[in-house]
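So the structure is just underneath, and the comments pick up after that.
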Amino acid sequence: MSGVSGSGTSQLSGTKEPGAAGTDTSVIVVGAGPVGLALTLDLARRGVAVRLLERAGEGFAGSRAKGIQPRTLEVLDDFGLSGAALAAGSAYPPMGLHLGPFTKTWRMHATAPDSAGTPYPDVLLLPQYATTELLRAAVERLGVRVEFGARAVEIAQDGTSCAVRLEDGRLLTARYVVGADGGSSTVRKAAGIAFEGTTDESDRMILVDGTVDGLSRDHWHIWPRVRGRSVAACPLPGDGNRFQIMIRTRPGDTLGAPGGGELIEADLTALLRRRADRSLTLRDITWTSVFRPNVRLAERYRNGRLLLCGDAAHVHTPAGAQGLNTGVQDAHNLGWKLQQVLAGADDALLDSYEAERRPVAAQVLGRSTELYEGLRGTRPGKLTRGQDEHQLGISYFGGPLAPADAPRTATLRSGDRAPDALLPHPAAEATRLFDLYRGPHFTALAFGARAAVAAKAATASTASDRPIWPSAGTPVRHHVVLPHTTPRTPREAALLDAYGITEDTVVLVRPDGYIGAIDVVGSTADEPAA
């Protein structure tokens, strides 16, 4: 077994866990943040044997990434968790910019338009600790436990498997290892993958979760100060006067600068009063962190059997609520592909993960950096987030699984996100398309009588020229959405318009909610009467 960490090690030393034959498991996920949990959940619900390692001794307690975008809510819907997320979170409060005795208010986040076809048009305020708890509980319901205190110190691979040596000497093996272990990823370093970008040591932001007495919860408060030393306080969902507080520091500031010492409650209270409002009291701090603008993108997302997800592959500024969302969507893209390859699909399918997701991360890095720079000013226009941040417009069109010359409808192409829409003839178990998509399967939608007949054959023929379908693996569920393509009710018209259907068509939706293939069966001129 060859090492990939550059150490020249050909075999890892350690103690193999007793009773294991072959590899211990199919996939080892390193890192139990929201991204690692999302990937583990996706794999576990598919019946893939997976272990989840977390070097920390307990779950993350901070609010850090607190904005859940509409597209990520759709992913949580696919996991059956959107209702729990909405119950645990809240709507974003309006912004309140304090300018002396005046407060300028506006709404920071735009609502997605009806044309986006989503049941989740608004960004959800959900602290990272709550997102983590939701995902971890779902993982545990499927019988997978987070292995806390399991620190990976060395990783190697050969042509058939990977080995992970833990700090306590245990040696674990798997067919694949995925690093969801953050910006300092052990997996990425072991894979020898460059992490290109910059870290700005001169710009730091103190993040604090605590109770603030004397501050209303009706706004996300901002107090602008000279040279960008702004202070902000965002009310967190739940009972009590809990806030996430953001205090931006500059070179020369004692608190939060290198060598500035531990963040002490009394010092933070004094700083909050000095820069924001002298009447405020900060207490019951549960989490603090010092953030530095760190903008980096992995050169690759894969080296053989080692893959990267989330912050291990890309790190962003916090502006725009993009990092966690991009990472969870990485996991949603990778999960079904790992299952297919483990079931016998061509290993080249895993290359499509990087081809589809790395361009998304590159674009997000640029946008989040632009938004972060806007935090230096006091103009609402620089602090407003629009549809670009919703991530509903992401498309893999033109990529390895969605060639540009593939058939399309009037509104959709292969690789586009499959929009939601109300079903013309709802049933108790399904009232909208997302009800049909929910779960770890492909979905074949038939529009028109000929499409209903051709759907299964179309799926089988597609398998012959794409690296998606092995002989086993993810099932395909077929649904005749409409036996005709001439609208007869307003709801039928809305559905056909959303998917651009003008003639008999089979639309194959991938497990991650993107269009896998479009098969236009033919004219509806002599369509059988319904």
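Naming works like this for the structure tokens: A, B, ... for the chains as they're shown, residue 1 at the start of each chain, ligands 1 onward in shown order.
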
Rows by chain and residue number, region 172-290 of chain A within 12 Å of region 104-126 of chain A, shortest pair, only C-alpha atoms, as CSV:
```
residue,atom,partner,partner_atom,distance
A:Asp218,CA,A:Thr105,CA,10.5
A:His219,CA,A:Thr105,CA,8.1
A:Trp220,CA,A:Met108,CA,9.3
A:His221,CA,A:Thr105,CA,9.4
A:Ile222,CA,A:Lys104,CA,9.8
A:Trp223,CA,A:Lys104,CA,10.9
A:Pro224,CA,A:Lys104,CA,11.9
A:Cys234,CA,A:Leu125,CA,9.7
A:Pro235,CA,A:Leu125,CA,9.4
A:Leu236,CA,A:Leu125,CA,7.7
A:Pro237,CA,A:Leu126,CA,7.1
A:Gly238,CA,A:Leu126,CA,10.1
A:Phe243,CA,A:Leu125,CA,12.0
A:Gln244,CA,A:Leu125,CA,11.4
```

Next, the residues of the selection above should be written as a CSV table (one decimal), in the first residue's frame with N, CA and C atoms.
```
chain,number,residue,atom,x,y,z
A,218,ASP,N,-35.3,42.6,17.2
A,218,ASP,CA,-36.1,42.9,16.0
A,218,ASP,C,-35.2,43.2,14.8
A,219,HIS,N,-33.9,43.3,15.0
A,219,HIS,CA,-33.0,43.7,13.9
A,219,HIS,C,-31.7,42.8,14.0
A,220,TRP,N,-31.0,42.7,12.9
A,220,TRP,CA,-29.6,42.3,12.8
A,220,TRP,C,-28.9,43.7,12.9
A,221,HIS,N,-28.3,44.0,14.1
A,221,HIS,CA,-27.8,45.3,14.3
A,221,HIS,C,-26.4,45.4,13.8
A,222,ILE,N,-26.1,46.6,13.2
A,222,ILE,CA,-24.8,46.9,12.7
A,222,ILE,C,-24.4,48.3,13.2
A,223,TRP,N,-23.2,48.4,13.8
A,223,TRP,CA,-22.6,49.7,14.1
A,223,TRP,C,-21.4,49.9,13.3
A,224,PRO,N,-21.4,50.7,12.3
A,224,PRO,CA,-20.2,51.0,11.5
A,224,PRO,C,-19.2,51.8,12.3
A,234,CYS,N,-26.5,39.5,15.5
A,234,CYS,CA,-27.6,38.9,14.9
A,234,CYS,C,-28.3,38.0,15.9
A,235,PRO,N,-29.6,38.3,16.1
A,235,PRO,CA,-30.4,37.4,17.1
A,235,PRO,C,-30.5,36.0,16.6
A,236,LEU,N,-30.2,35.1,17.5
A,236,LEU,CA,-30.3,33.6,17.2
A,236,LEU,C,-31.7,33.1,17.5
A,237,PRO,N,-32.1,32.1,16.7
A,237,PRO,CA,-33.4,31.5,17.0
A,237,PRO,C,-33.5,30.9,18.4
A,238,GLY,N,-34.7,30.8,19.0
A,238,GLY,CA,-34.8,30.2,20.3
A,238,GLY,C,-35.2,31.2,21.4
A,243,PHE,N,-27.4,36.1,20.9
A,243,PHE,CA,-26.9,36.7,19.6
A,243,PHE,C,-25.6,36.1,19.2
A,244,GLN,N,-25.4,36.1,17.9
A,244,GLN,CA,-24.1,36.0,17.3
A,244,GLN,C,-23.5,37.4,17.1
```

Check: Neighbours of Ile68 (chain A) within 12 Å (only C-alpha atoms; same-chain residues fewer than 2 positions away dropped), as a ChimeraX atom specification?
Finding: /A:34,64-66,70-76,82,85-86,88-92,109,120-128,130-131,320-329,389-391

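Among the candidate residues A:Phe442, A:Tyr437, A:Phe148, A:Tyr499, the one lying nearest to Asp77 (chain A) is A:Tyr437, with distances computed using only C-alpha atoms.
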
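Taking CA of Ala498 (chain A) and CA of Leu412 (chain A) as endpoints, the distance between them is 8.5 Å.
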
Going by DSSP on the backbone, which bits of region 65-308 of chain A are strand (DSSP E or B)? Write them as a JSON list (two decimals) with C-alpha atoms, in the first residue's frame, please.
```
[["chain", "number", "residue", "atom", "x", "y", "z"],
["A", 67, "GLY", "CA", -27.58, 30.96, 6.76],
["A", 68, "ILE", "CA", -29.22, 28.02, 4.96],
["A", 90, "SER", "CA", -36.27, 31.37, 11.89],
["A", 91, "ALA", "CA", -36.60, 34.04, 9.24],
["A", 95, "MET", "CA", -30.91, 44.79, 9.00],
["A", 96, "GLY", "CA", -30.60, 47.78, 11.31],
["A", 97, "LEU", "CA", -27.71, 50.12, 10.53],
["A", 98, "HIS", "CA", -27.10, 52.46, 13.48],
["A", 99, "LEU", "CA", -25.92, 55.89, 12.36],
["A", 102, "PHE", "CA", -30.82, 57.16, 13.46],
["A", 103, "THR", "CA", -31.32, 53.53, 12.40],
["A", 104, "LYS", "CA", -31.65, 52.66, 8.72],
["A", 105, "THR", "CA", -33.51, 49.39, 8.15],
["A", 106, "TRP", "CA", -33.85, 47.13, 5.13],
["A", 109, "HIS", "CA", -31.95, 38.66, 1.77],
["A", 124, "LEU", "CA", -33.28, 30.29, 6.77],
["A", 125, "LEU", "CA", -31.50, 31.52, 9.88],
["A", 146, "VAL", "CA", -19.92, 9.68, 15.13],
["A", 147, "GLU", "CA", -16.58, 8.38, 16.41],
["A", 148, "PHE", "CA", -15.49, 11.39, 18.48],
["A", 152, "ALA", "CA", -6.48, 10.53, 11.66],
["A", 153, "VAL", "CA", -2.72, 11.04, 11.55],
["A", 154, "GLU", "CA", -1.66, 9.12, 8.45],
["A", 155, "ILE", "CA", -3.45, 7.95, 5.32],
["A", 156, "ALA", "CA", -2.30, 5.72, 2.47],
["A", 157, "GLN", "CA", -3.89, 4.03, -0.53],
["A", 162, "CYS", "CA", -7.17, 2.99, 1.69],
["A", 163, "ALA", "CA", -5.71, 2.80, 5.19],
["A", 164, "VAL", "CA", -6.19, 5.36, 7.94],
["A", 165, "ARG", "CA", -4.01, 5.27, 11.04],
["A", 166, "LEU", "CA", -5.49, 6.95, 14.08],
["A", 170, "ARG", "CA", -5.70, 1.76, 15.37],
["A", 171, "LEU", "CA", -5.56, 1.08, 11.65],
["A", 172, "LEU", "CA", -8.81, 1.36, 9.69],
["A", 173, "THR", "CA", -9.29, 0.38, 6.06],
["A", 174, "ALA", "CA", -11.89, 1.32, 3.46],
["A", 175, "ARG", "CA", -12.35, 1.39, -0.28],
["A", 176, "TYR", "CA", -12.58, 5.19, -0.27],
["A", 177, "VAL", "CA", -11.75, 7.98, 2.18],
["A", 178, "VAL", "CA", -13.46, 11.38, 1.97],
["A", 179, "GLY", "CA", -11.99, 14.39, 3.73],
["A", 195, "PHE", "CA", -4.63, 24.41, -1.56],
["A", 196, "GLU", "CA", -4.17, 27.58, -3.54],
["A", 197, "GLY", "CA", -5.21, 31.02, -2.33],
["A", 198, "THR", "CA", -4.52, 33.64, 0.32],
["A", 199, "THR", "CA", -5.00, 34.30, 4.03],
["A", 204, "ARG", "CA", -9.66, 39.52, 11.76],
["A", 205, "MET", "CA", -13.17, 39.15, 13.07],
["A", 206, "ILE", "CA", -14.11, 38.02, 16.56],
["A", 207, "LEU", "CA", -17.21, 35.80, 16.63],
["A", 208, "VAL", "CA", -19.09, 35.37, 19.90],
["A", 209, "ASP", "CA", -22.25, 33.50, 20.90],
["A", 210, "GLY", "CA", -23.74, 35.03, 24.03],
["A", 211, "THR", "CA", -26.62, 36.75, 25.72],
["A", 212, "VAL", "CA", -26.82, 40.53, 25.24],
["A", 213, "ASP", "CA", -28.90, 42.48, 27.73],
["A", 220, "TRP", "CA", -29.63, 42.33, 12.84],
["A", 221, "HIS", "CA", -27.79, 45.29, 14.34],
["A", 222, "ILE", "CA", -24.77, 46.93, 12.69],
["A", 223, "TRP", "CA", -22.63, 49.69, 14.15],
["A", 231, "VAL", "CA", -19.69, 45.53, 15.16],
["A", 232, "ALA", "CA", -22.76, 43.45, 14.33],
["A", 233, "ALA", "CA", -25.17, 41.40, 16.42],
["A", 234, "CYS", "CA", -27.59, 38.90, 14.89],
["A", 235, "PRO", "CA", -30.37, 37.43, 17.10],
["A", 242, "ARG", "CA", -29.00, 35.08, 22.39],
["A", 243, "PHE", "CA", -26.94, 36.73, 19.64],
["A", 244, "GLN", "CA", -24.08, 35.96, 17.33],
["A", 245, "ILE", "CA", -21.79, 38.97, 17.70],
["A", 246, "MET", "CA", -19.21, 39.93, 15.08],
["A", 247, "ILE", "CA", -16.43, 42.39, 16.01],
["A", 248, "ARG", "CA", -14.01, 43.29, 13.24],
["A", 249, "THR", "CA", -10.46, 44.14, 14.27],
["A", 281, "THR", "CA", -24.12, 43.83, 28.73],
["A", 282, "LEU", "CA", -22.65, 40.63, 27.28],
["A", 283, "ARG", "CA", -22.87, 37.48, 29.39],
["A", 284, "ASP", "CA", -23.22, 33.69, 29.27],
["A", 285, "ILE", "CA", -20.78, 33.29, 26.38],
["A", 286, "THR", "CA", -20.90, 29.75, 24.99],
["A", 287, "TRP", "CA", -18.53, 30.04, 22.01],
["A", 288, "THR", "CA", -15.84, 32.37, 20.68],
["A", 289, "SER", "CA", -13.65, 32.24, 17.62],
["A", 290, "VAL", "CA", -11.34, 34.53, 15.67],
["A", 291, "PHE", "CA", -11.89, 34.44, 11.92],
["A", 294, "ASN", "CA", -9.07, 32.75, 4.11],
["A", 295, "VAL", "CA", -9.86, 32.24, 0.43],
["A", 296, "ARG", "CA", -8.52, 28.99, -1.00],
["A", 297, "LEU", "CA", -9.48, 26.35, -3.57],
["A", 298, "ALA", "CA", -8.05, 22.84, -3.85],
["A", 302, "ARG", "CA", -9.60, 13.70, -5.92],
["A", 303, "ASN", "CA", -6.40, 11.69, -5.82],
["A", 306, "LEU", "CA", -9.04, 9.99, -1.59],
["A", 307, "LEU", "CA", -11.66, 12.70, -2.16],
["A", 308, "LEU", "CA", -12.37, 16.13, -0.67]]
```

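Using only C-alpha atoms, the shortest contact distance between Arg300 (chain A) and any of A:Gly335, A:Pro93, A:Gly192, A:Gly80 is found at A:Gly192.
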
Notebook entry, point to check: In region 168-372 of chain A, what's helix (DSSP H, G or I) per DSSP? Answer as a PyMOL selection string?
Noted result: chain A and resi 186-191+226-228+265-275+310-312+323-342+347-372

Export C-alpha atoms of the chosen residues as a compact mmCIF listing (two decimals), in the first residue's frame?
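Here's the written file result-v2.txt:
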```
# COMPACT_ATOMS: atom_id res chain seq x y z
CA THR A 186 -5.47 15.84 6.95
CA VAL A 187 -6.94 13.99 3.97
CA ARG A 188 -6.03 16.76 1.53
CA LYS A 189 -2.47 16.89 2.83
CA ALA A 190 -2.17 13.12 2.65
CA ALA A 191 -3.41 13.23 -0.93
CA VAL A 226 -13.76 53.87 11.21
CA ARG A 227 -11.28 51.71 9.28
CA GLY A 228 -13.77 48.87 9.10
CA GLU A 265 -15.99 37.89 28.79
CA ALA A 266 -15.18 41.14 30.60
CA ASP A 267 -12.92 42.30 27.79
CA LEU A 268 -15.51 41.42 25.14
CA THR A 269 -18.21 43.26 27.07
CA ALA A 270 -16.00 46.35 27.32
CA LEU A 271 -15.24 46.18 23.60
CA LEU A 272 -18.93 45.80 22.70
CA ARG A 273 -19.85 48.81 24.83
CA ARG A 274 -17.04 50.92 23.44
CA ARG A 275 -17.82 50.23 19.80
CA GLY A 310 -16.60 21.14 1.84
CA ASP A 311 -13.95 23.32 3.49
CA ALA A 312 -11.32 20.67 2.80
CA GLY A 323 -19.45 27.99 2.58
CA LEU A 324 -21.58 25.47 4.46
CA ASN A 325 -24.18 25.49 1.68
CA THR A 326 -21.63 24.75 -1.01
CA GLY A 327 -20.15 21.97 1.10
CA VAL A 328 -23.46 20.24 1.82
CA GLN A 329 -24.22 20.34 -1.90
CA ASP A 330 -20.78 18.82 -2.58
CA ALA A 331 -21.81 15.92 -0.36
CA HIS A 332 -25.16 15.57 -2.13
CA ASN A 333 -23.37 15.37 -5.48
CA LEU A 334 -20.79 12.85 -4.29
CA GLY A 335 -22.95 10.44 -2.28
CA TRP A 336 -24.86 8.79 -5.12
CA LYS A 337 -21.76 8.60 -7.29
CA LEU A 338 -19.84 6.73 -4.59
CA GLN A 339 -22.73 4.29 -4.26
CA GLN A 340 -22.82 3.67 -8.00
CA VAL A 341 -19.08 3.05 -8.20
CA LEU A 342 -19.17 0.74 -5.19
CA ASP A 347 -14.68 4.58 -11.49
CA ALA A 348 -14.55 7.52 -13.93
CA LEU A 349 -17.92 8.58 -12.55
CA LEU A 350 -16.06 9.97 -9.52
CA ASP A 351 -14.13 12.32 -11.80
CA SER A 352 -17.42 14.02 -12.64
CA TYR A 353 -17.66 15.12 -8.99
CA GLU A 354 -14.74 17.50 -9.37
CA ALA A 355 -15.78 18.51 -12.88
CA GLU A 356 -19.23 19.54 -11.64
CA ARG A 357 -18.47 20.98 -8.20
CA ARG A 358 -15.10 22.71 -8.48
CA PRO A 359 -16.35 25.40 -10.92
CA VAL A 360 -19.19 26.12 -8.50
CA ALA A 361 -16.73 26.64 -5.65
CA ALA A 362 -14.55 28.90 -7.79
CA GLN A 363 -17.52 31.10 -8.59
CA VAL A 364 -18.66 31.17 -4.96
CA LEU A 365 -15.18 32.16 -3.77
CA GLY A 366 -15.24 35.21 -6.00
CA ARG A 367 -18.74 36.22 -4.97
CA SER A 368 -18.21 35.77 -1.21
CA THR A 369 -14.98 37.79 -1.38
CA GLU A 370 -16.83 40.59 -3.16
CA LEU A 371 -19.56 40.56 -0.51
CA TYR A 372 -17.02 40.56 2.31
```

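Each of A:Ala517, A:Ala449, A:Ala421, A:Leu215 was compared to Leu496 (chain A) using only C-alpha atoms, and A:Ala421 turns out to be the nearest.
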
Margin query: Report, in Å with one decimal, the straight-line distance from CA of Ser216 (chain A) to CA of Thr132 (chain A).
Written below: 27.1 Å

Item checked: Computed interatomic separation between CA of Thr160 (chain A) and CA of Ala180 (chain A) (Å) -> 21.4 Å

As a tab-separated table (two decimals) with N, CA and C atoms, in the first residue's frame, please: the residues near Arg450 (chain A) (cut-off 8 Å, only C-alpha atoms, same-chain neighbours under 5 positions excluded).
```tsv
chain	number	residue	atom	x	y	z
A	504	ASP	N	-44.19	14.54	-26.30
A	504	ASP	CA	-43.93	13.41	-25.42
A	504	ASP	C	-42.45	13.36	-25.04
A	521	VAL	N	-39.62	11.83	-27.11
A	521	VAL	CA	-40.09	10.62	-27.76
A	521	VAL	C	-40.67	10.90	-29.13
A	522	GLY	N	-41.41	12.01	-29.28
A	522	GLY	CA	-41.95	12.30	-30.60
A	522	GLY	C	-43.13	13.23	-30.54
```

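Minimum atom-to-atom distance to Leu445 (chain A), evaluated using only C-alpha atoms, belongs to A:Leu433 out of A:Ala428, A:Leu263, A:Ala138, A:Leu433.
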
Next item on the list: For Gly59 (chain A), please output as number ranges by chain all residues within 10 Å (counting only C-alpha atoms; exclusion window: fewer than 3 positions along the same chain).
Entry: A: 32-33, 54, 56, 62, 129, 132-133, 136, 146, 148

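Among the candidates A:Arg438, A:Arg477, A:Arg491, A:Arg225, the one nearest to Pro426 (chain A) when counting only C-alpha atoms is A:Arg491.
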